[in-house]
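Printed here is entry-v7.txt (compact mmCIF, C-alpha atoms):
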```
# COMPACT_ATOMS: atom_id res chain seq x y z
CA MET A 283 77.11 136.88 163.91
CA HIS A 284 77.59 137.83 160.29
CA GLN A 285 77.50 141.44 159.21
CA TRP A 286 74.42 141.00 157.02
CA GLN A 287 72.36 139.64 159.90
CA HIS A 288 72.18 143.21 161.24
CA GLN A 289 70.75 144.59 157.99
CA GLY A 290 67.09 143.67 158.14
CA ARG A 291 66.02 147.15 156.94
CA LEU A 292 68.69 147.50 154.27
CA GLN A 293 67.18 148.96 151.11
CA PRO A 294 68.48 147.41 147.90
CA ARG A 295 71.08 149.76 146.46
CA LEU A 296 70.06 148.80 142.93
CA PHE A 297 66.72 150.50 143.31
CA PRO A 298 67.02 154.06 144.64
CA ALA A 299 64.10 155.53 146.55
CA ARG A 300 61.32 156.87 144.36
CA ARG A 301 58.62 159.47 144.92
CA ALA A 302 55.16 158.22 145.77
CA GLU A 303 53.69 156.20 142.91
CA PRO A 304 50.22 156.70 141.47
CA ALA A 305 47.59 154.24 142.56
CA MET A 306 48.08 152.08 139.48
CA PRO A 307 51.81 152.09 138.59
CA GLU A 308 52.95 150.91 135.21
CA GLU A 309 54.10 147.34 134.91
CA GLY A 310 57.70 147.00 136.03
CA ASP A 311 57.59 150.11 138.24
CA LEU A 312 59.02 149.81 141.71
CA VAL A 313 56.59 149.84 144.59
CA HIS A 314 56.97 149.55 148.36
CA SER A 315 55.57 146.60 150.22
CA GLN A 316 54.01 147.05 153.63
CA ALA A 317 57.35 146.03 155.09
CA GLY A 318 58.98 149.01 153.41
CA VAL A 319 61.11 146.88 151.09
CA GLN A 320 60.99 147.80 147.43
CA THR A 321 59.68 145.22 145.01
CA THR A 322 58.25 145.35 141.52
CA ARG A 323 54.84 144.83 140.04
CA PRO A 324 54.56 141.63 138.01
CA VAL A 325 56.08 142.31 134.61
CA GLN A 326 54.11 141.12 131.61
CA ALA A 327 55.58 143.11 128.76
CA ALA A 328 58.81 144.70 129.97
CA TYR A 329 60.68 142.27 127.79
CA GLY A 330 59.77 139.65 125.26
CA ALA A 331 61.30 136.63 123.59
CA THR A 332 63.82 138.58 121.55
CA PRO A 333 65.47 140.49 124.43
CA GLY A 334 65.75 137.20 126.28
CA SER A 335 68.28 135.84 123.79
CA HIS A 336 71.97 135.88 124.68
CA CYS A 337 72.73 138.19 121.76
CA SER A 338 70.16 140.86 122.62
CA ARG A 339 70.77 140.55 126.37
CA GLY A 340 74.27 141.87 125.81
CA SER A 341 73.34 144.48 123.23
CA ALA A 342 73.33 148.24 123.64
CA MET A 343 69.53 148.21 123.65
CA TRP A 344 69.57 147.97 127.45
CA VAL A 345 71.76 151.03 127.98
CA GLY A 346 69.59 153.80 129.40
CA ARG A 347 66.90 151.40 130.57
CA ARG A 348 66.02 150.87 134.21
CA VAL A 349 67.78 148.02 135.97
CA ALA A 350 64.36 146.76 137.02
CA GLU A 351 63.51 146.08 133.36
CA LEU A 352 66.37 143.66 132.74
CA PRO A 353 65.57 140.07 131.82
CA THR A 354 66.50 137.72 134.63
CA PRO A 355 68.67 136.18 135.85
CA ALA A 356 70.97 139.16 135.22
CA PHE A 357 74.46 139.86 136.54
CA VAL A 358 74.65 143.54 137.44
CA VAL A 359 77.64 145.67 138.45
CA ASP A 360 77.44 148.89 140.43
CA GLU A 361 79.76 151.15 138.47
CA ALA A 362 80.57 153.48 141.35
CA VAL A 363 81.41 150.66 143.75
CA ALA A 364 83.59 148.78 141.26
CA ARG A 365 85.44 151.99 140.41
CA ARG A 366 85.92 152.82 144.09
CA ASN A 367 87.27 149.34 144.80
CA ALA A 368 89.76 149.62 141.94
CA GLU A 369 90.92 153.08 142.99
CA ARG A 370 91.37 152.07 146.62
CA MET A 371 93.63 149.18 145.69
CA LEU A 372 95.75 151.44 143.50
CA GLN A 373 96.03 153.89 146.40
CA ARG A 374 97.07 151.15 148.85
CA CYS A 375 99.82 150.02 146.53
CA ARG A 376 101.07 153.54 145.90
CA ALA A 377 101.22 154.14 149.64
CA LEU A 378 103.43 151.06 150.06
CA GLY A 379 105.57 151.81 147.01
CA LEU A 380 104.31 148.64 145.34
CA ARG A 381 103.46 147.99 141.73
CA LEU A 382 99.93 146.62 141.31
CA ARG A 383 99.59 143.81 138.75
CA PRO A 384 95.86 143.08 138.98
CA HIS A 385 94.47 139.65 138.17
CA MET A 386 91.80 139.58 135.46
CA LYS A 387 90.25 136.21 136.29
CA THR A 388 87.27 137.56 138.25
CA HIS A 389 85.70 139.78 135.58
CA LYS A 390 87.61 138.90 132.35
CA THR A 391 86.59 142.16 130.66
CA LEU A 392 88.50 144.96 128.98
CA GLU A 393 86.53 147.53 130.94
CA GLY A 394 87.39 145.91 134.27
CA GLY A 395 91.02 145.75 133.24
CA GLU A 396 90.97 149.44 132.37
CA LEU A 397 89.70 150.29 135.86
CA MET A 398 92.13 148.01 137.66
CA THR A 399 95.21 149.27 135.82
CA GLY A 400 94.21 152.90 136.26
CA GLY A 401 93.91 153.23 132.49
CA THR A 402 97.45 152.14 131.64
CA ARG A 403 96.49 148.71 130.24
CA ARG A 404 99.91 147.52 131.37
CA GLY A 405 100.89 144.92 133.94
CA ILE A 406 98.14 142.34 134.41
CA VAL A 407 97.78 138.69 135.42
CA VAL A 408 95.61 136.14 133.60
CA SER A 409 94.78 132.53 134.37
CA THR A 410 93.87 131.30 130.87
CA LEU A 411 95.31 131.78 127.41
CA ALA A 412 91.86 132.84 126.22
CA GLU A 413 92.20 135.77 128.62
CA ALA A 414 95.75 136.47 127.41
CA ARG A 415 94.66 136.57 123.76
CA PHE A 416 91.61 138.68 124.57
CA PHE A 417 93.49 141.30 126.55
CA ALA A 418 96.35 141.39 124.04
CA ALA A 419 93.83 142.03 121.25
CA GLY A 420 92.32 144.78 123.42
CA GLY A 421 95.60 146.66 123.65
CA PHE A 422 96.98 145.31 126.94
CA ASP A 423 100.64 144.35 127.37
CA ASP A 424 102.99 143.13 130.10
CA ILE A 425 100.77 140.10 130.64
CA LEU A 426 101.70 137.34 133.09
CA TYR A 427 100.09 133.95 132.42
CA ALA A 428 100.21 132.87 136.06
CA TYR A 429 99.44 129.19 135.63
CA PRO A 430 101.89 126.28 135.62
CA LEU A 431 103.01 126.08 132.00
CA PRO A 432 100.63 123.73 130.11
CA PHE A 433 102.69 121.76 127.60
CA ASP A 434 99.78 121.45 125.16
CA LYS A 435 99.58 125.25 124.92
CA LEU A 436 103.26 125.96 124.38
CA GLU A 437 102.80 127.08 120.77
CA GLU A 438 100.08 129.53 121.76
CA CYS A 439 102.38 130.93 124.41
CA ALA A 440 105.12 131.32 121.82
CA VAL A 441 102.82 133.31 119.53
CA LEU A 442 102.01 135.74 122.34
CA ALA A 443 105.63 135.96 123.44
CA GLN A 444 106.64 136.98 119.90
CA ARG A 445 103.75 139.41 119.54
CA LEU A 446 103.81 141.35 122.82
CA GLU A 447 106.51 143.45 124.42
CA ALA A 448 106.24 141.33 127.56
CA PHE A 449 104.30 138.09 127.68
CA GLN A 450 105.41 136.12 130.70
CA VAL A 451 104.94 132.51 131.77
CA LEU A 452 105.17 130.67 135.08
CA VAL A 453 106.98 127.43 135.90
CA ASP A 454 107.67 125.29 138.96
CA SER A 455 109.58 122.37 137.42
CA ARG A 456 112.68 121.57 135.39
CA ASP A 457 110.46 119.77 132.88
CA ALA A 458 108.59 122.99 132.13
CA LEU A 459 111.85 124.88 131.73
CA ALA A 460 113.08 122.21 129.33
CA GLN A 461 109.91 122.65 127.25
CA LEU A 462 110.63 126.36 126.91
CA ARG A 463 114.23 125.77 125.91
CA ARG A 464 113.19 123.26 123.25
CA ARG A 465 110.81 125.87 121.80
CA ARG A 466 113.19 128.75 121.16
CA LEU A 467 111.69 132.08 120.22
CA ALA A 468 112.71 133.94 117.07
CA ARG A 469 114.30 137.33 116.45
CA GLY A 470 116.25 137.35 119.69
CA VAL A 471 113.13 137.27 121.88
CA ARG A 472 113.58 135.47 125.19
CA TRP A 473 111.06 133.62 127.30
CA LEU A 474 110.22 135.76 130.34
CA VAL A 475 109.74 133.32 133.20
CA TRP A 476 108.38 133.66 136.72
CA MET A 477 109.06 130.87 139.19
CA LYS A 478 106.22 129.83 141.47
CA LEU A 479 106.73 129.45 145.22
CA ASP A 480 104.33 127.66 147.54
CA CYS A 481 104.37 129.66 150.77
CA GLY A 482 101.69 127.62 152.52
CA ASN A 483 98.80 127.72 150.06
CA GLY A 484 99.30 124.08 149.08
CA ARG A 485 98.57 124.38 145.37
CA ALA A 486 101.26 124.94 142.75
CA GLY A 487 104.86 125.93 143.43
CA LEU A 488 107.99 124.87 145.26
CA ARG A 489 108.50 125.48 148.97
CA HIS A 490 110.89 128.34 149.56
CA THR A 491 113.03 126.11 151.81
CA ASP A 492 113.28 123.33 149.21
CA PRO A 493 116.81 123.16 147.72
CA GLY A 494 115.13 122.47 144.39
CA ALA A 495 113.64 125.97 144.41
CA LEU A 496 117.08 127.61 144.36
CA GLU A 497 118.30 125.11 141.77
CA LEU A 498 115.36 125.85 139.46
CA ALA A 499 115.70 129.63 139.84
CA ARG A 500 119.41 129.37 139.06
CA ALA A 501 118.68 127.25 135.99
CA ILE A 502 116.09 129.73 134.69
CA ALA A 503 118.43 132.68 135.21
CA GLN A 504 121.77 131.21 134.15
CA GLU A 505 121.60 128.10 131.99
CA ALA A 506 120.54 129.77 128.74
CA PRO A 507 120.34 133.53 129.26
CA GLU A 508 120.04 134.13 125.50
CA GLU A 509 116.82 132.03 125.46
CA VAL A 510 115.25 132.40 128.90
CA ALA A 511 115.21 135.16 131.52
CA LEU A 512 114.13 134.98 135.16
CA ALA A 513 111.46 137.69 135.43
CA GLY A 514 110.46 137.18 139.05
CA ILE A 515 109.31 135.04 141.96
CA TYR A 516 105.55 134.58 142.31
CA ALA A 517 103.54 133.39 145.33
CA HIS A 518 99.81 133.23 145.90
CA CYS A 519 98.63 133.46 149.50
CA GLY A 520 95.35 131.73 148.81
CA ASN A 521 95.44 130.38 152.35
CA THR A 522 94.04 133.76 153.42
CA TYR A 523 90.69 132.37 152.25
CA GLY A 524 90.68 130.20 155.34
CA CYS A 525 90.97 133.20 157.62
CA SER A 526 88.42 134.92 159.83
CA GLY A 527 89.14 138.56 160.51
CA VAL A 528 91.89 141.03 159.72
CA PRO A 529 94.47 139.75 162.26
CA GLU A 530 94.40 136.26 160.72
CA ILE A 531 94.58 137.69 157.19
CA GLN A 532 97.57 139.81 158.11
CA ALA A 533 99.31 136.90 159.81
CA VAL A 534 99.14 134.90 156.57
CA ALA A 535 100.19 137.95 154.54
CA GLN A 536 103.17 138.46 156.86
CA ALA A 537 104.21 134.80 156.64
CA THR A 538 103.94 134.77 152.83
CA THR A 539 105.85 138.04 152.55
CA ALA A 540 108.58 136.81 154.91
CA ALA A 541 108.99 133.53 153.02
CA THR A 542 109.19 135.32 149.68
CA LEU A 543 111.69 137.89 150.93
CA GLU A 544 113.75 135.15 152.55
CA PHE A 545 113.92 133.34 149.23
CA MET A 546 114.86 136.55 147.42
CA GLY A 547 117.72 136.87 149.92
CA THR A 548 118.77 133.29 149.22
CA LEU A 549 118.91 134.09 145.49
CA GLN A 550 121.01 137.16 146.12
CA GLU A 551 123.46 135.24 148.30
CA ALA A 552 123.74 132.59 145.58
CA GLY A 553 124.48 135.18 142.91
CA VAL A 554 121.17 134.69 141.10
CA THR A 555 119.77 137.94 139.75
CA CYS A 556 116.01 138.24 140.09
CA PRO A 557 114.35 141.58 139.35
CA ALA A 558 110.92 141.11 140.92
CA SER A 559 108.92 139.47 143.70
CA SER A 560 105.14 139.25 143.77
CA ILE A 561 102.56 137.90 146.19
CA GLY A 562 98.85 138.35 146.29
CA SER A 563 95.28 137.56 147.16
CA THR A 564 92.40 139.92 147.67
CA PRO A 565 92.27 139.43 151.46
CA SER A 566 96.01 140.05 151.94
CA CYS A 567 96.05 143.07 149.64
CA SER A 568 92.90 144.56 151.15
CA HIS A 569 94.71 144.65 154.52
CA PRO A 570 98.41 144.76 153.60
CA VAL A 571 101.19 144.55 156.16
CA ALA A 572 104.07 147.01 156.13
CA ASP A 573 106.65 144.43 155.03
CA MET A 574 104.78 143.95 151.77
CA GLY A 575 106.34 147.27 150.77
CA LYS A 576 109.66 145.41 150.48
CA LEU A 577 108.27 143.35 147.60
CA THR A 578 108.11 144.54 144.01
CA GLU A 579 104.44 144.03 143.27
CA VAL A 580 101.17 142.35 144.32
CA HIS A 581 98.51 140.61 142.23
CA PRO A 582 95.00 140.55 143.76
CA GLY A 583 91.93 140.18 141.56
CA ASN A 584 88.56 139.63 143.24
CA TYR A 585 88.58 143.07 144.88
CA ILE A 586 87.02 144.85 141.92
CA PHE A 587 83.75 143.07 142.71
CA TYR A 588 84.24 141.55 146.19
CA ASP A 589 81.53 139.13 147.43
CA LEU A 590 80.03 137.52 150.53
CA GLN A 591 83.04 135.24 150.92
CA GLN A 592 85.26 138.31 151.22
CA VAL A 593 82.83 139.89 153.69
CA THR A 594 82.88 136.72 155.80
CA ILE A 595 86.69 136.53 155.72
CA GLY A 596 87.00 140.18 156.70
CA SER A 597 88.45 141.57 153.47
CA CYS A 598 85.70 144.14 153.00
CA GLN A 599 82.33 145.44 154.17
CA LEU A 600 78.98 144.55 152.62
CA GLU A 601 78.77 147.96 150.95
CA ASP A 602 81.97 147.14 149.02
CA VAL A 603 80.33 144.27 147.12
CA ALA A 604 79.72 145.65 143.63
CA VAL A 605 77.72 142.80 142.09
CA ARG A 606 74.28 141.25 142.33
CA VAL A 607 72.31 138.65 140.44
CA LEU A 608 68.77 139.83 139.77
CA THR A 609 66.07 137.19 139.86
CA ARG A 610 62.27 137.16 139.69
CA VAL A 611 59.73 135.29 141.73
CA ILE A 612 58.07 132.68 139.51
CA GLY A 613 56.14 130.56 141.97
CA HIS A 614 54.35 130.50 145.35
CA TYR A 615 54.16 127.21 147.27
CA PRO A 616 52.44 127.80 150.63
CA HIS A 617 52.23 124.08 151.39
CA ARG A 618 56.02 124.01 151.74
CA ASN A 619 56.48 127.66 152.81
CA GLN A 620 58.64 128.48 149.76
CA LEU A 621 59.02 130.83 146.83
CA LEU A 622 60.51 129.77 143.52
CA VAL A 623 62.82 132.17 141.66
CA ASP A 624 64.24 132.06 138.15
CA CYS A 625 67.90 131.83 139.20
CA GLY A 626 69.40 128.39 139.70
CA TRP A 627 73.01 127.31 139.90
CA ALA A 628 73.49 128.15 136.20
CA GLY A 629 73.08 131.82 137.17
CA LEU A 630 74.74 131.82 140.58
CA SER A 631 77.05 128.75 140.92
CA LEU A 632 77.02 126.30 143.81
CA HIS A 633 80.20 127.65 145.40
CA GLY A 634 79.72 127.97 149.12
CA LEU A 635 77.51 124.87 149.18
CA GLY A 636 74.67 126.77 150.84
CA GLN A 637 76.50 127.01 154.16
CA LEU A 638 75.82 130.72 154.75
CA PRO A 639 73.15 131.60 157.34
CA THR A 640 71.13 132.72 154.31
CA GLY A 641 71.92 129.68 152.17
CA TYR A 642 73.64 130.08 148.82
CA ALA A 643 73.49 133.88 148.74
CA LEU A 644 72.21 136.89 150.65
CA ILE A 645 68.90 138.21 149.35
CA GLU A 646 69.50 141.92 149.59
CA GLY A 647 67.19 143.68 152.00
CA HIS A 648 65.82 140.35 153.20
CA PRO A 649 68.23 138.72 155.67
CA ASP A 650 65.19 136.85 157.00
CA LEU A 651 65.02 134.83 153.76
CA LYS A 652 67.20 131.88 152.81
CA LEU A 653 68.07 130.52 149.37
CA VAL A 654 67.89 126.92 150.49
CA GLY A 655 68.41 125.05 147.23
CA MET A 656 68.94 125.33 143.50
CA THR A 657 68.58 123.21 140.41
CA GLN A 658 69.98 124.36 137.09
CA GLU A 659 67.41 127.11 136.43
CA HIS A 660 65.35 127.27 139.65
CA GLY A 661 66.01 128.55 143.16
CA ARG A 662 63.98 127.74 146.27
CA VAL A 663 63.57 130.46 148.89
CA GLU A 664 62.05 130.14 152.33
CA PRO A 665 62.14 132.15 155.58
CA VAL A 666 64.95 131.53 158.02
CA VAL A 667 62.26 131.08 160.66
CA GLY A 668 58.48 131.33 160.72
CA ALA A 669 55.84 131.55 158.03
CA LEU A 670 56.45 133.32 154.73
CA ASP A 671 54.26 136.33 153.89
CA PHE A 672 53.69 135.67 150.19
CA SER A 673 51.92 139.02 149.73
CA LYS A 674 55.30 140.74 150.05
CA PHE A 675 56.68 138.82 147.09
CA PRO A 676 54.12 138.78 144.25
CA LEU A 677 54.83 136.75 141.15
CA GLY A 678 57.14 138.75 138.91
CA SER A 679 58.66 140.73 141.77
CA LEU A 680 62.39 141.32 141.64
CA LEU A 681 64.98 140.17 144.16
CA ALA A 682 68.72 140.86 144.24
CA LEU A 683 71.11 138.07 145.24
CA ILE A 684 74.52 138.97 146.65
CA PRO A 685 76.75 136.06 145.56
CA TYR A 686 79.04 134.04 147.77
CA HIS A 687 81.86 134.00 145.19
CA ALA A 688 81.83 136.68 142.50
CA CYS A 689 84.39 134.90 140.30
CA ALA A 690 82.25 131.77 140.05
CA THR A 691 79.01 133.71 139.59
CA ALA A 692 80.44 136.02 136.92
CA ALA A 693 81.61 132.95 135.00
CA MET A 694 77.96 131.95 134.58
CA HIS A 695 77.00 135.06 132.61
CA PRO A 696 77.72 136.14 129.00
CA VAL A 697 77.19 139.83 129.73
CA TYR A 698 77.37 142.11 132.76
CA TYR A 699 74.94 145.02 133.09
CA VAL A 700 76.74 148.02 134.58
CA HIS A 701 74.46 150.50 136.31
CA ALA A 702 74.39 153.88 138.01
CA GLU A 703 71.45 155.52 139.78
CA GLY A 704 69.10 152.70 138.85
CA LYS A 705 69.83 152.73 135.12
CA VAL A 706 72.03 150.60 132.89
CA VAL A 707 74.96 152.69 131.67
CA ALA A 708 77.07 150.03 129.91
CA THR A 709 77.35 146.35 129.14
CA TRP A 710 80.61 144.42 129.61
CA LYS A 711 81.20 141.19 127.72
CA PRO A 712 83.71 138.80 129.34
CA VAL A 713 85.93 136.39 127.49
CA ARG A 714 85.24 132.70 128.01
CA GLY A 715 87.16 129.48 127.51
CA TRP A 716 90.77 128.42 128.08
```

How does the structure come out when it is put into structure tokens?
Amino acid sequence: MHQWQHQGRLQPRLFPARRAEPAMPEEGDLVHSQAGVQTTRPVQAAYGATPGSHCSRGSAMWVGRRVAELPTPAFVVDEAVARRNAERMLQRCRALGLRLRPHMKTHKTLEGGELMTGGTRRGIVVSTLAEARFFAAGGFDDILYAYPLPFDKLEECAVLAQRLEAFQVLVDSRDALAQLRRRRLARGVRWLVWMKLDCGNGRAGLRHTDPGALELARAIAQEAPEEVALAGIYAHCGNTYGCSGVPEIQAVAQATTAATLEFMGTLQEAGVTCPASSIGSTPSCSHPVADMGKLTEVHPGNYIFYDLQQVTIGSCQLEDVAVRVLTRVIGHYPHRNQLLVDCGWAGLSLHGLGQLPTGYALIEGHPDLKLVGMTQEHGRVEPVVGALDFSKFPLGSLLALIPYHACATAAMHPVYYVHAEGKVVATWKPVRGW
């Protein structure tokens, strides 16, 4: 049974308990239904056409306003939880003597990067060049573009390599290395190159037992040391996402760590100098094994937000999930026992394919409801069993969706509303594109 199935009386964290309301609360005020779950009165004038635009939605006008006033669908971040998640990961790494190189792909914001690096703005991973440019412009350095080198973006990589103290690229083929050597950098700058290992994830990289892996590492390190330097060995244990529970997560983490360390030993025996080794995924780094302390660094990313996928895997608890998508009820359809809400896949994503016990998301405080389907801008909600009590969910009332995959959901939104104690305290604007 999933953790959230025990939380039928869970009060939405976004909306802290209020004192008793007058008989006729103002529009948008929070009220308690007979079931004890907080909802809102239908909102007629809390926001108009102008605040609904993308520009104004991300503006400072919302700072200081109640979360319940936000136009929906809205992606909201609990500041305290996100900060706690970031600090805990830094503490885990310090305890193991590891360097943390956090991945920016989940949030893609300067503010998130500041939290995850502990304020240093040094040592991050990105998955797109748009992210690399954005973070470089925001004062970050020591940036690893951890994606198999795209040949069409070589010139953009060269610009960043010349501009930053340490812009690093990733390769897993001789062809990619040849591309770097053909595009020499100026002023004595060398390409800083990580080689990708596949330690069971089955995506990019060479198997650590493949003779070609040693050959490629030797070529990076030794063939043209005035042009190219071997910066490290990189492995992603994404196969932890197929795990269920901490023992399975740690078994994958142990296997990935062992394979990486074995390959580092192979390099040493072959006389190939390699200064760093890095593995990572949020599940493995949320429950690290002791041998990970023998590596140089780790590179998790999702942990700043977490999500239902991570809860299901066993990476975290439900209270560690920092993000929600707010949505409003826009329709009652008793003939089919369903509500309609104003969040479709364009505000949540279809990742997870609706296979959770509660459909495509968990409706916070309502584990008895299921988000059964979505079109682009609409979501259909019905009870898991039985008849729906529509009086508990008046038109205009607010619901909070806990997403299956925070990375995919965040990618759907142009602005994140960061909140504390029920009020918006900041807005974060992520970079988009490739």

Spatial neighbours of range 439-448 of chain A, max dist 10 Å, only C-alpha atoms, sep filter under 5 positions, as a ChimeraX atom specification: /A:404-405,411,414-415,418,421-427,431-434,462,465-474

Using all atoms listed in the file, what residues lie at most 8 Å away from (96.2, 145.2, 150.1) (file coordinates), given as a PyMOL selection string? chain A and resi 371+374-375+564-571+582

Using all atoms listed in the file, what residues lie at most 10 Å away from (108.1, 126.3, 136.7) (file coordinates), given as a list in words? Tyr429, Pro430, Leu431, Val451, Leu452, Val453, Asp454, Ser455, Arg456, Asp457, Ala458, Leu459, Ala460, Val475, Trp476, Met477, Lys478, Leu479, Ala486, Gly487, Leu488, Ala495, Leu498, Ala499 and Ile502 of chain A

Export of the given selection (C-alpha atoms) as a CSV table (one decimal), keeping the file's coordinate frame:
```
chain,number,residue,atom,x,y,z
A,429,TYR,CA,99.4,129.2,135.6
A,430,PRO,CA,101.9,126.3,135.6
A,431,LEU,CA,103.0,126.1,132.0
A,451,VAL,CA,104.9,132.5,131.8
A,452,LEU,CA,105.2,130.7,135.1
A,453,VAL,CA,107.0,127.4,135.9
A,454,ASP,CA,107.7,125.3,139.0
A,455,SER,CA,109.6,122.4,137.4
A,456,ARG,CA,112.7,121.6,135.4
A,457,ASP,CA,110.5,119.8,132.9
A,458,ALA,CA,108.6,123.0,132.1
A,459,LEU,CA,111.8,124.9,131.7
A,460,ALA,CA,113.1,122.2,129.3
A,475,VAL,CA,109.7,133.3,133.2
A,476,TRP,CA,108.4,133.7,136.7
A,477,MET,CA,109.1,130.9,139.2
A,478,LYS,CA,106.2,129.8,141.5
A,479,LEU,CA,106.7,129.4,145.2
A,486,ALA,CA,101.3,124.9,142.8
A,487,GLY,CA,104.9,125.9,143.4
A,488,LEU,CA,108.0,124.9,145.3
A,495,ALA,CA,113.6,126.0,144.4
A,498,LEU,CA,115.4,125.8,139.5
A,499,ALA,CA,115.7,129.6,139.8
A,502,ILE,CA,116.1,129.7,134.7
```

Give me the residues near Ala643 in chain A as a PDB file with C-alpha atoms, keeping the file's coordinate frame, where near means some atom within 8 Å (using only C-alpha atoms) and where sequence neighbours in that chain fewer than 6 positions away do not count.
```pdb
ATOM      1  CA  LEU A 590      80.030 137.520 150.530  1.00  0.00           C
ATOM      2  CA  GLY A 636      74.670 126.770 150.840  1.00  0.00           C
ATOM      3  CA  LYS A 652      67.200 131.880 152.810  1.00  0.00           C
ATOM      4  CA  LEU A 653      68.070 130.520 149.370  1.00  0.00           C
ATOM      5  CA  LEU A 683      71.110 138.070 145.240  1.00  0.00           C
ATOM      6  CA  ILE A 684      74.520 138.970 146.650  1.00  0.00           C
ATOM      7  CA  PRO A 685      76.750 136.060 145.560  1.00  0.00           C
ATOM      8  CA  TYR A 686      79.040 134.040 147.770  1.00  0.00           C
TER       9      TYR A 686
END
```

At a cut-off of 6 Å, using all atoms listed in the file, what residues contact Ile406 in chain A? Leave out same-chain residues fewer than 3 positions from it and give the result as a compact mmCIF listing (two decimals) with C-alpha atoms, in the coordinates of the input.
```txt
# COMPACT_ATOMS: atom_id res chain seq x y z
CA ARG A 383 99.59 143.81 138.75
CA PRO A 384 95.86 143.08 138.98
CA HIS A 385 94.47 139.65 138.17
CA ILE A 425 100.77 140.10 130.64
```

Which polymer residues have any atom within 8 Å of an atom of Val623 in chain A, counting all atoms listed in the file, with same-chain residues fewer than 6 positions away left out, as a PyMOL selection string? chain A and resi 609-613+660-663

Compare A:His687, A:Lys387, A:Lys705, A:His617 by their minimum atom-to-atom distance to Tyr642 in chain A, counting only C-alpha atoms, and give me the closest one.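 The closest residue to Tyr642 in chain A is A:His687.
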
Quick one: everything within 10 Å of Ala558 in chain A, counting all atoms listed in the file, minus sequence neighbours fewer than 6 positions away in the same chain. Send it as an MDAnalysis selection string. chainID A and resid 476 512:516 546 577:579

Save the residues we just selected, C-alpha atoms, as a compact mmCIF listing (two decimals), in the coordinates of the input?
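What ended up in result.txt:
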```
# COMPACT_ATOMS: atom_id res chain seq x y z
CA TRP A 476 108.38 133.66 136.72
CA LEU A 512 114.13 134.98 135.16
CA ALA A 513 111.46 137.69 135.43
CA GLY A 514 110.46 137.18 139.05
CA ILE A 515 109.31 135.04 141.96
CA TYR A 516 105.55 134.58 142.31
CA MET A 546 114.86 136.55 147.42
CA LEU A 577 108.27 143.35 147.60
CA THR A 578 108.11 144.54 144.01
CA GLU A 579 104.44 144.03 143.27
```

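You can rank A:Gln620, A:Thr548, A:Ser560, A:Thr594 by their closest distance to Val407 in chain A using all atoms listed in the file, and at the top of that list sits A:Ser560.
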
To one decimal in Å, tell me the separation between CA of Thr391 in chain A and CA of Tyr698 in chain A.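 That distance, rounded to one decimal, is 9.5 Å.
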
Counting all atoms listed in the file, the option among A:Glu659, A:Glu396, A:Glu508, A:Glu361 closest to Ser631 in chain A: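 Looking only at the distances to Ser631 in chain A, the closest residue turns out to be A:Glu659.
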
Separation of CA of Gly596 in chain A and CA of Gly527 in chain A, in Å?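 Straight-line distance from CA of Gly596 in chain A to CA of Gly527 in chain A works out to 4.7 Å.
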
Between A:Pro676, A:Gly575, A:Pro557, A:Gly394, single out the one closest to Gly379 in chain A, counting all atoms listed in the file.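 With all atoms listed in the file as the atom set, the closest residue is A:Gly575.
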
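We find CA of Asp360 in chain A and CA of Asp589 in chain A to be spaced 12.7 Å apart.
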
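The shortest atom-to-atom distance to Leu378 in chain A, with all atoms listed in the file taken into account, belongs to A:Asp573 out of A:Glu601, A:Asp624, A:Asp573, A:Glu703.
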
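If all atoms listed in the file are the atoms counted, then among A:Ala708, A:Ala503, A:Ala688, A:Val713 the closest residue to Trp344 in chain A is A:Ala708.
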